[in-house]
Amino acid sequence: MRALVTGANGFLGRHVVNALLARGVEVRALVRPAAGVDTLGWSPSVDVFRADLRSSRDLGDAFKGVDVALHLAAVVSGGEDAQFAGTVAGTERLLDAMAASACRRIVLCSTFSVYDFSSTRGVLDEDSPLHKTPDVYARDGYTIAKWWQERVTRRFAEEHGWDLTVLRPGFIWGRDHGYMAALGQQFGRHHLVIGPMTRMPMTHVENCADVFALAATDPRARGRTLNVVDGPGERIWTYLSDYMRGSGERGLRVPVPYWLAISAVRLAYATVFRRATKVPSILIPRRLESRLKPLRFENRRLRETIGWTPPLDYEQCLARTYGPELPAVVECDDRGRERALLKLSDDQALRA
Amino acid sequence: MKAALIGAGAIAKQHLACLQTLPGVELAAVCDLSPATAEAAAERYGVRSWFTDHRVMLEKARPDVVHVATPPTAHFRPALDSLDAGAHVIVEKPATPAFEQLETLVRRANESGRCFVEDYNYLFNPAPQEILRRIESGEFGAVTHVEAFICLDILGPGGFADPNSPHPALKLSGGAIADFLPHLASLAHLFVGACRSAETVWTKRKPSVLPYDEFRALVNAERGTAVLGFSASSQPDAFWLRVYGERMQAAANLWETRLTFDGPRNVPKPLRPFFSGLEEGKTIRRAALATLLRKFKGPGSYEGLWDLLARTYRALGEGSAPPVTANQVLEINRMVEALKPKEQRA
């Protein structure tokens with residue numbers, strides 16, 4: 001099996017490449033023309049394909065011999081328009097090229113952001129309501145772009161009869177990405193912790209990558225939409241403590257009950273910020289809810305559909321995020337296929 | 001009046017958001033090569049229909065006014081087709097990469113009795129308008145010189161200097177800076193008139209895909225002189241406008257609300273700098289607050305575009321001259337031509 005991975009050198013993508021190799025899948029890694037890949041430690045067998053989804057004309061070649069596409073590419077920085085153009089129009093260009101190829105299987109990296117947290121009560125799962133138009137346009141640029149990316153991909157899949165799997169990860173964390181928006185609001189090195197006892201929908205990047213590799217290879221994932229979280233998640237206060245300990249940051253943590261924060265923001269929004277053009281996300285009620293609303297999260301459908309359990313537990317994830325860097329190890333199995341192994345430290349190996 | 005827009009990217013939002021607020025204007029159609037981009041714009045701004053081919057849009061929607069907001073190198077064909085379809089055209093700056101194309105558009109507009117307006121939004125920001133008001137009242141005195149200088153970091157990732165996906169503006173003579181020349185030239189033209197001659201310096205300070213990242217020009221114009229500039233290295237970001245009159249001087253940052261005047265005072269001459277400084281400080285403090293509050297409402301520094309569009313639609317409704325005339329567009333673009341790097345002029 002050969003897989004095309006877009007956004008392959010991104011935070012998640014580089015781990016997805018290794019996870020696919022570990023499952024014996026050949027990988028074509030689509031990266032931008034100026035992207036550096038030498039430091040990623042990829043196996044020489046990885047076929048690096050350089051193109052920019054926003055402008056490259058030869059995307060068709062990327063699909064030659066490809067059985068499954070894992071579409072992870074998205075623009076996550078810059079203004080709302082840059083994110084929309086890069087993420088959505090880029091996806092249109094990619095899928096136009098896929099439609100002209102023999103590839104009929106795609107796994108899309110969506111996000112929890114497509115859910116309407118404001119309308120959700122209790123548990124957020126795959127049946128929770130999604131944003132609707134035109135309300136979605138009141139959200140941040142990332143949400144608008146990812147919501148549209150999923151919409152566009154579903155339309156293409158329906159039109160061309162593709163097997164589509166939509167994976168919606170929660171907050172992805174890992175080395176150099178230990179801080180998550182769900183932790184509240186940072187002021188310099190100090191933290192306003194909104195709803196400190198709330199559990200966060202989190203997935204460690206290596207666990208998340210394992211889900212993508214499994215979904216790409218497991219026929220049971222076809223046609224399914226699955227949320228990706230490692231479990232019920234850690235409490236904000238707990239993880240923030242681990243984050244500060246791991247990163248060596250020093251600062252105050254000021255806890256604020258969620259109900260107090262959302263009430264204050266709703267009042268400020270109704271009286272001052274409604275017509276504002278440049279206001280921090282946290283001062284807009286619907287955006288605050290999507291980051292911090294105390295809901296419960298679970299991965300029941302992921303477990304039941306493709307039998308996934310996270311390869312790394314929370315302690316191991318902490319060690320891999322804040323401990324000494326341990327490169328992935330690629331070795332050949334008895335049939336000559338390359339396998340990337342998660343290398344555990346001695347301490348982790350003992351506990352395992 | 002039925003309005004349509006071609007090119008639903010970044011600046012299009014300002015056009016659509018403004019049009020939503022104008023009385024008697026119906027958002028009839030939006031067009032973009034990306035179906036999702038067109039559909040999203042239509043959903044967001046309540047536009048009746050969306051298209052991916054501007055010719056089909058012109059045929060089916062039959063707009064009275066077409067806004068062309070595609071990348072600058074892709075303005076000409078949709079603008080020409082819109083004029084041929086009988087619509088007035090409001091085009092984003094720079095109107096065309098080559099002056100000959102602009103002449104063709106203006107000629108076609110004149111032949112068909114339609115308006116052709118290029119977006120010189122900063123002319124309609126409050127600061128230039130207030131300076132203009134004082135000039136017209138005689139309070140400012142005749143303008144002898146104007147300076148317009150943009151400091152903007154365009155070398156960061158994802159923008160003009162993106163090494164992965166060449167920005168369309170890089171196809172313009174002068175590269176990314178050419179995208180800003182109409183702003184500089186329109187302000188110079190407003191205060192000192194048409195260009196007679198210009199001396200320019202185009203340089204590159206930092207490694208990037210841009211051909212140039214610094215620009216200076218000295219313009220000899222009909223009613224005075226102008227010094228224009230762009231710096232990708234000077235920080236912080238600012239758009240400075242300084243106008244020198246025979247009785248007063250004005251200074252404004254067009255990306256903020258700061259506007260100060262210095263002129264004659266009824267105090268002994270040695271005390272004039274003291275009182276001027278006090279008043280300038282007070283004005284700047286007020287402007288700082290206004291700049292902050294502006295973020296909480298309205299279009300921010302695009303307020304000039306909103307005013308330009310409102311005036312244009314009012315004029316079209318009344319059958320009077322638009323706030324930017326075809327002759328003005330030609331004169332400003334002649335200045336832009338004179339500012340372009342000599343070896344690359346189209």
# chains A, B, ... in the order shown; residues from 1 in each chain; ligands from 1
$ select_by_dssp --residues "range 106-271 of chain B" --states "strand (DSSP E)" --output "number ranges by chain"
B: 116-118, 143-151, 195-203, 214-221, 225-231, 238-245, 249-253, 259-262
$ write_last_selection --atoms "C-alpha atoms" --output "compact mmCIF listing (two decimals), in the first residue's frame"
# COMPACT_ATOMS: atom_id res chain seq x y z
CA PHE B 116 -14.26 53.37 -14.04
CA VAL B 117 -13.06 53.85 -10.47
CA GLU B 118 -9.77 52.66 -9.00
CA VAL B 143 0.57 73.14 -0.53
CA THR B 144 4.24 73.23 -1.42
CA HIS B 145 5.28 69.68 -0.64
CA VAL B 146 3.91 66.31 0.46
CA GLU B 147 5.58 63.23 1.91
CA ALA B 148 4.01 59.78 2.00
CA PHE B 149 6.01 56.96 3.49
CA ILE B 150 4.95 53.39 4.21
CA CYS B 151 6.87 51.28 6.72
CA CYS B 195 3.43 64.24 -12.16
CA ARG B 196 5.87 66.11 -14.40
CA SER B 197 8.93 64.00 -13.63
CA ALA B 198 10.26 61.65 -10.97
CA GLU B 199 13.60 60.40 -9.71
CA THR B 200 13.52 57.02 -7.98
CA VAL B 201 15.79 54.75 -5.96
CA TRP B 202 14.88 51.05 -5.77
CA THR B 203 17.06 48.90 -3.51
CA GLU B 214 13.10 49.67 -0.29
CA PHE B 215 11.86 52.49 -2.49
CA ARG B 216 12.27 56.26 -2.51
CA ALA B 217 11.10 58.83 -5.02
CA LEU B 218 11.24 62.58 -5.53
CA VAL B 219 8.36 63.76 -7.67
CA ASN B 220 8.15 67.09 -9.43
CA ALA B 221 4.43 67.72 -9.77
CA THR B 225 6.90 68.38 -4.95
CA ALA B 226 6.45 65.01 -3.29
CA VAL B 227 8.76 62.56 -1.58
CA LEU B 228 7.37 59.05 -1.56
CA GLY B 229 8.83 55.96 0.06
CA PHE B 230 8.39 52.41 1.15
CA SER B 231 10.52 50.52 3.64
CA ALA B 238 3.21 52.99 9.84
CA PHE B 239 1.84 54.99 6.94
CA TRP B 240 3.10 58.53 7.41
CA LEU B 241 1.61 61.44 5.52
CA ARG B 242 3.09 64.90 5.90
CA VAL B 243 1.72 67.87 4.02
CA TYR B 244 3.52 71.22 3.97
CA GLY B 245 1.46 74.34 3.28
CA GLN B 249 1.85 71.75 8.19
CA ALA B 250 0.04 68.49 8.84
CA ALA B 251 1.27 65.06 9.92
CA ALA B 252 -0.81 61.88 10.02
CA ASN B 253 -0.35 58.16 10.44
CA LEU B 259 -3.44 63.80 12.78
CA THR B 260 -1.64 66.90 14.02
CA PHE B 261 -1.44 70.40 12.61
CA ASP B 262 1.12 73.06 13.29
$ closest_atom_pairs --of "chain B" --to "chain A" --cutoff "6 Å" --atoms "only C-alpha atoms" --output "Markdown table"
| residue | atom | partner | partner_atom | distance |
| --- | --- | --- | --- | --- |
| B:Ala10 | CA | A:Asp81 | CA | 5.4 |
| B:Ser34 | CA | A:Ala89 | CA | 5.9 |
| B:Arg44 | CA | A:Pro134 | CA | 5.8 |
| B:Asn164 | CA | A:Pro33 | CA | 5.4 |
| B:Ser165 | CA | A:Ser55 | CA | 5.9 |
| B:Lys295 | CA | A:Lys278 | CA | 5.4 |
| B:Phe296 | CA | A:Ala276 | CA | 3.5 |
| B:Lys297 | CA | A:Ala276 | CA | 4.4 |
$ closest_residue --among "A:Met202, A:Cys208, A:Cys109, A:Ala261" --to "Arg296 in chain A" --atoms "only C-alpha atoms"
A:Met202
$ residues_around --residues "Phe63 in chain A" --least-positions-apart "6" --cutoff "9 Å" --atoms "only C-alpha atoms" --output "ChimeraX atom specification"
/A:3-4,28,69,97-98,100-103
$ write_last_selection --atoms "C-alpha atoms" --output "short mmCIF file (atom, residue, chain, number, x, y, z; two decimals), in the first residue's frame"
data_model
loop_
_atom_site.label_atom_id
_atom_site.label_comp_id
_atom_site.auth_asym_id
_atom_site.auth_seq_id
_atom_site.Cartn_x
_atom_site.Cartn_y
_atom_site.Cartn_z
CA ALA A 3 -0.05 6.56 1.03
CA LEU A 4 0.17 10.21 0.11
CA ARG A 28 4.88 9.80 -0.40
CA ALA A 69 -4.44 9.99 0.67
CA ALA A 97 -6.07 16.29 -8.82
CA MET A 98 -7.23 13.23 -6.88
CA ALA A 100 -8.27 12.73 -12.04
CA SER A 101 -6.28 9.87 -10.49
CA ALA A 102 -7.05 6.26 -9.62
CA CYS A 103 -6.94 6.93 -5.88
#
$ select_by_dssp --residues "range 116-328 of chain A" --states "alpha helix (DSSP H)" --output "PyMOL selection string"
chain A and resi 141-160+205-217+236-247+258-268+285-292+300-306+314-322
$ atom_distance --atom1 "CA of Thr291 in chain B" --atom2 "CA of Leu278 in chain B"
20.0 Å
$ atom_distance --atom1 "CA of His189 in chain B" --atom2 "CA of Tyr313 in chain B"
23.1 Å
$ residues_around --residues "Pro201 in chain A" --least-positions-apart "2" --cutoff "8 Å" --atoms "only C-alpha atoms" --output "list of chain:residue names"
A:Gly170, A:Phe171, A:Arg199, A:Thr203, A:Val229, A:Gly231, A:Pro232, A:Gly233, A:Phe297
$ closest_residue --among "B:Lys93, B:Arg286, B:Lys342, B:Arg247" --to "Phe140 in chain B" --atoms "only C-alpha atoms"
B:Arg247
$ residues_around --residues "range 13-16 of chain A" --least-positions-apart "5" --cutoff "7 Å" --atoms "only C-alpha atoms" --output "number ranges by chain"
A: 7-8, 72, 206, 209-210, 212-213
$ residues_around --residues "Met57 in chain B" --least-positions-apart "5" --cutoff "10 Å" --atoms "only C-alpha atoms" --output "PyMOL selection string"
chain B and resi 4-6+28-31+49-52+62-63+82
$ residues_around --residues "range 280-284 of chain B" --least-positions-apart "3" --cutoff "10 Å" --atoms "only C-alpha atoms" --output "VMD selection string"
chain B and resid 257 to 262 274 to 277 287 to 290
$ write_last_selection --atoms "C-alpha atoms" --output "compact mmCIF listing (two decimals), in the first residue's frame"
# COMPACT_ATOMS: atom_id res chain seq x y z
CA THR B 257 -6.12 58.12 13.79
CA ARG B 258 -3.23 60.44 14.55
CA LEU B 259 -3.44 63.80 12.78
CA THR B 260 -1.64 66.90 14.02
CA PHE B 261 -1.44 70.40 12.61
CA ASP B 262 1.12 73.06 13.29
CA PHE B 274 6.00 75.49 23.55
CA PHE B 275 2.28 75.88 22.87
CA SER B 276 2.51 73.85 19.67
CA GLY B 277 4.09 71.00 21.61
CA ALA B 287 -5.78 59.92 18.83
CA ALA B 288 -4.26 57.06 20.82
CA LEU B 289 -7.60 56.52 22.54
CA ALA B 290 -9.52 56.86 19.28
$ closest_residue --among "B:Ala17, B:Val209, B:Val267, B:Ala188" --to "Tyr122 in chain B" --atoms "only C-alpha atoms"
B:Ala188
$ atom_distance --atom1 "CA of Tyr258 in chain A" --atom2 "CA of Pro285 in chain A"
11.6 Å
$ closest_residue --among "B:Lys2, B:His67, B:Arg134, B:Arg107" --to "Pro23 in chain B" --atoms "only C-alpha atoms"
B:Lys2
$ closest_residue --among "B:Met335, B:Gly141, B:Leu102, B:Ala74" --to "Glu246 in chain B" --atoms "only C-alpha atoms"
B:Gly141
$ decode --residues "range 235-273 of chain B" --atoms "N, CA and C atoms" --output "PDB file, in the first residue's frame"
ATOM      1  N   GLN B 235      10.760  49.815  11.252  1.00  0.00           N
ATOM      2  CA  GLN B 235       9.679  49.432  12.147  1.00  0.00           C
ATOM      3  C   GLN B 235       9.437  50.530  13.173  1.00  0.00           C
ATOM      4  N   PRO B 236       8.259  50.681  13.754  1.00  0.00           N
ATOM      5  CA  PRO B 236       7.073  49.840  13.555  1.00  0.00           C
ATOM      6  C   PRO B 236       6.327  50.175  12.260  1.00  0.00           C
ATOM      7  N   ASP B 237       5.364  49.315  11.914  1.00  0.00           N
ATOM      8  CA  ASP B 237       4.545  49.557  10.735  1.00  0.00           C
ATOM      9  C   ASP B 237       3.828  50.903  10.873  1.00  0.00           C
ATOM     10  N   ALA B 238       3.872  51.680   9.819  1.00  0.00           N
ATOM     11  CA  ALA B 238       3.209  52.989   9.839  1.00  0.00           C
ATOM     12  C   ALA B 238       3.014  53.475   8.408  1.00  0.00           C
ATOM     13  N   PHE B 239       2.070  54.368   8.240  1.00  0.00           N
ATOM     14  CA  PHE B 239       1.844  54.991   6.938  1.00  0.00           C
ATOM     15  C   PHE B 239       1.800  56.504   7.207  1.00  0.00           C
ATOM     16  N   TRP B 240       2.962  57.114   7.065  1.00  0.00           N
ATOM     17  CA  TRP B 240       3.098  58.532   7.409  1.00  0.00           C
ATOM     18  C   TRP B 240       2.740  59.416   6.225  1.00  0.00           C
ATOM     19  N   LEU B 241       1.944  60.420   6.519  1.00  0.00           N
ATOM     20  CA  LEU B 241       1.615  61.438   5.519  1.00  0.00           C
ATOM     21  C   LEU B 241       1.954  62.790   6.126  1.00  0.00           C
ATOM     22  N   ARG B 242       2.777  63.548   5.432  1.00  0.00           N
ATOM     23  CA  ARG B 242       3.091  64.899   5.896  1.00  0.00           C
ATOM     24  C   ARG B 242       2.823  65.864   4.745  1.00  0.00           C
ATOM     25  N   VAL B 243       2.063  66.892   5.042  1.00  0.00           N
ATOM     26  CA  VAL B 243       1.718  67.874   4.018  1.00  0.00           C
ATOM     27  C   VAL B 243       2.211  69.244   4.496  1.00  0.00           C
ATOM     28  N   TYR B 244       2.925  69.921   3.628  1.00  0.00           N
ATOM     29  CA  TYR B 244       3.520  71.217   3.974  1.00  0.00           C
ATOM     30  C   TYR B 244       2.804  72.307   3.191  1.00  0.00           C
ATOM     31  N   GLY B 245       2.154  73.229   3.916  1.00  0.00           N
ATOM     32  CA  GLY B 245       1.457  74.340   3.283  1.00  0.00           C
ATOM     33  C   GLY B 245       2.160  75.658   3.576  1.00  0.00           C
ATOM     34  N   GLU B 246       1.683  76.713   2.937  1.00  0.00           N
ATOM     35  CA  GLU B 246       2.311  78.023   3.145  1.00  0.00           C
ATOM     36  C   GLU B 246       1.968  78.603   4.512  1.00  0.00           C
ATOM     37  N   ARG B 247       0.874  78.133   5.136  1.00  0.00           N
ATOM     38  CA  ARG B 247       0.496  78.631   6.463  1.00  0.00           C
ATOM     39  C   ARG B 247       0.531  77.541   7.539  1.00  0.00           C
ATOM     40  N   MET B 248       0.371  76.306   7.141  1.00  0.00           N
ATOM     41  CA  MET B 248       0.311  75.206   8.118  1.00  0.00           C
ATOM     42  C   MET B 248       1.058  73.993   7.600  1.00  0.00           C
ATOM     43  N   GLN B 249       1.317  73.074   8.549  1.00  0.00           N
ATOM     44  CA  GLN B 249       1.849  71.752   8.194  1.00  0.00           C
ATOM     45  C   GLN B 249       1.002  70.707   8.899  1.00  0.00           C
ATOM     46  N   ALA B 250       0.852  69.559   8.256  1.00  0.00           N
ATOM     47  CA  ALA B 250       0.041  68.488   8.841  1.00  0.00           C
ATOM     48  C   ALA B 250       0.835  67.197   8.832  1.00  0.00           C
ATOM     49  N   ALA B 251       0.632  66.379   9.860  1.00  0.00           N
ATOM     50  CA  ALA B 251       1.268  65.061   9.920  1.00  0.00           C
ATOM     51  C   ALA B 251       0.237  64.045  10.368  1.00  0.00           C
ATOM     52  N   ALA B 252       0.185  62.912   9.670  1.00  0.00           N
ATOM     53  CA  ALA B 252      -0.806  61.883  10.017  1.00  0.00           C
ATOM     54  C   ALA B 252      -0.202  60.504   9.833  1.00  0.00           C
ATOM     55  N   ASN B 253      -0.641  59.570  10.680  1.00  0.00           N
ATOM     56  CA  ASN B 253      -0.349  58.155  10.442  1.00  0.00           C
ATOM     57  C   ASN B 253      -1.657  57.526   9.994  1.00  0.00           C
ATOM     58  N   LEU B 254      -1.725  57.145   8.728  1.00  0.00           N
ATOM     59  CA  LEU B 254      -3.003  56.715   8.155  1.00  0.00           C
ATOM     60  C   LEU B 254      -3.437  55.336   8.651  1.00  0.00           C
ATOM     61  N   TRP B 255      -2.569  54.629   9.349  1.00  0.00           N
ATOM     62  CA  TRP B 255      -2.991  53.349   9.942  1.00  0.00           C
ATOM     63  C   TRP B 255      -3.433  53.538  11.381  1.00  0.00           C
ATOM     64  N   GLU B 256      -3.360  54.771  11.849  1.00  0.00           N
ATOM     65  CA  GLU B 256      -3.923  55.107  13.150  1.00  0.00           C
ATOM     66  C   GLU B 256      -4.873  56.276  12.921  1.00  0.00           C
ATOM     67  N   THR B 257      -5.245  56.949  13.984  1.00  0.00           N
ATOM     68  CA  THR B 257      -6.115  58.116  13.790  1.00  0.00           C
ATOM     69  C   THR B 257      -5.352  59.404  14.067  1.00  0.00           C
ATOM     70  N   ARG B 258      -4.035  59.286  14.171  1.00  0.00           N
ATOM     71  CA  ARG B 258      -3.231  60.444  14.547  1.00  0.00           C
ATOM     72  C   ARG B 258      -3.181  61.473  13.411  1.00  0.00           C
ATOM     73  N   LEU B 259      -3.530  62.689  13.728  1.00  0.00           N
ATOM     74  CA  LEU B 259      -3.438  63.801  12.777  1.00  0.00           C
ATOM     75  C   LEU B 259      -3.133  65.062  13.570  1.00  0.00           C
ATOM     76  N   THR B 260      -2.003  65.671  13.310  1.00  0.00           N
ATOM     77  CA  THR B 260      -1.644  66.900  14.020  1.00  0.00           C
ATOM     78  C   THR B 260      -1.377  68.015  13.011  1.00  0.00           C
ATOM     79  N   PHE B 261      -1.712  69.218  13.438  1.00  0.00           N
ATOM     80  CA  PHE B 261      -1.444  70.399  12.612  1.00  0.00           C
ATOM     81  C   PHE B 261      -0.533  71.342  13.391  1.00  0.00           C
ATOM     82  N   ASP B 262       0.311  72.022  12.677  1.00  0.00           N
ATOM     83  CA  ASP B 262       1.125  73.061  13.288  1.00  0.00           C
ATOM     84  C   ASP B 262       1.002  74.300  12.404  1.00  0.00           C
ATOM     85  N   GLY B 263       0.653  75.408  13.026  1.00  0.00           N
ATOM     86  CA  GLY B 263       0.455  76.619  12.237  1.00  0.00           C
ATOM     87  C   GLY B 263       0.610  77.854  13.091  1.00  0.00           C
ATOM     88  N   PRO B 264       0.157  78.976  12.577  1.00  0.00           N
ATOM     89  CA  PRO B 264       0.316  80.242  13.303  1.00  0.00           C
ATOM     90  C   PRO B 264      -0.484  80.254  14.606  1.00  0.00           C
ATOM     91  N   ARG B 265       0.053  80.923  15.624  1.00  0.00           N
ATOM     92  CA  ARG B 265      -0.621  81.037  16.929  1.00  0.00           C
ATOM     93  C   ARG B 265      -0.553  82.484  17.403  1.00  0.00           C
ATOM     94  N   ASN B 266      -1.534  82.855  18.200  1.00  0.00           N
ATOM     95  CA  ASN B 266      -1.568  84.218  18.755  1.00  0.00           C
ATOM     96  C   ASN B 266      -0.744  84.287  20.034  1.00  0.00           C
ATOM     97  N   VAL B 267       0.508  83.914  19.918  1.00  0.00           N
ATOM     98  CA  VAL B 267       1.422  84.000  21.070  1.00  0.00           C
ATOM     99  C   VAL B 267       2.731  84.575  20.562  1.00  0.00           C
ATOM    100  N   PRO B 268       3.559  85.171  21.465  1.00  0.00           N
ATOM    101  CA  PRO B 268       4.876  85.651  21.012  1.00  0.00           C
ATOM    102  C   PRO B 268       5.647  84.527  20.341  1.00  0.00           C
ATOM    103  N   LYS B 269       6.372  84.846  19.304  1.00  0.00           N
ATOM    104  CA  LYS B 269       7.047  83.840  18.486  1.00  0.00           C
ATOM    105  C   LYS B 269       7.927  82.878  19.295  1.00  0.00           C
ATOM    106  N   PRO B 270       8.678  83.365  20.306  1.00  0.00           N
ATOM    107  CA  PRO B 270       9.522  82.420  21.050  1.00  0.00           C
ATOM    108  C   PRO B 270       8.701  81.364  21.796  1.00  0.00           C
ATOM    109  N   LEU B 271       7.422  81.684  22.103  1.00  0.00           N
ATOM    110  CA  LEU B 271       6.601  80.731  22.858  1.00  0.00           C
ATOM    111  C   LEU B 271       5.834  79.762  21.946  1.00  0.00           C
ATOM    112  N   ARG B 272       5.881  79.993  20.655  1.00  0.00           N
ATOM    113  CA  ARG B 272       5.090  79.176  19.726  1.00  0.00           C
ATOM    114  C   ARG B 272       5.437  77.682  19.807  1.00  0.00           C
ATOM    115  N   PRO B 273       6.740  77.318  19.803  1.00  0.00           N
ATOM    116  CA  PRO B 273       7.047  75.880  19.894  1.00  0.00           C
ATOM    117  C   PRO B 273       6.484  75.247  21.162  1.00  0.00           C
TER     118      PRO B 273
END
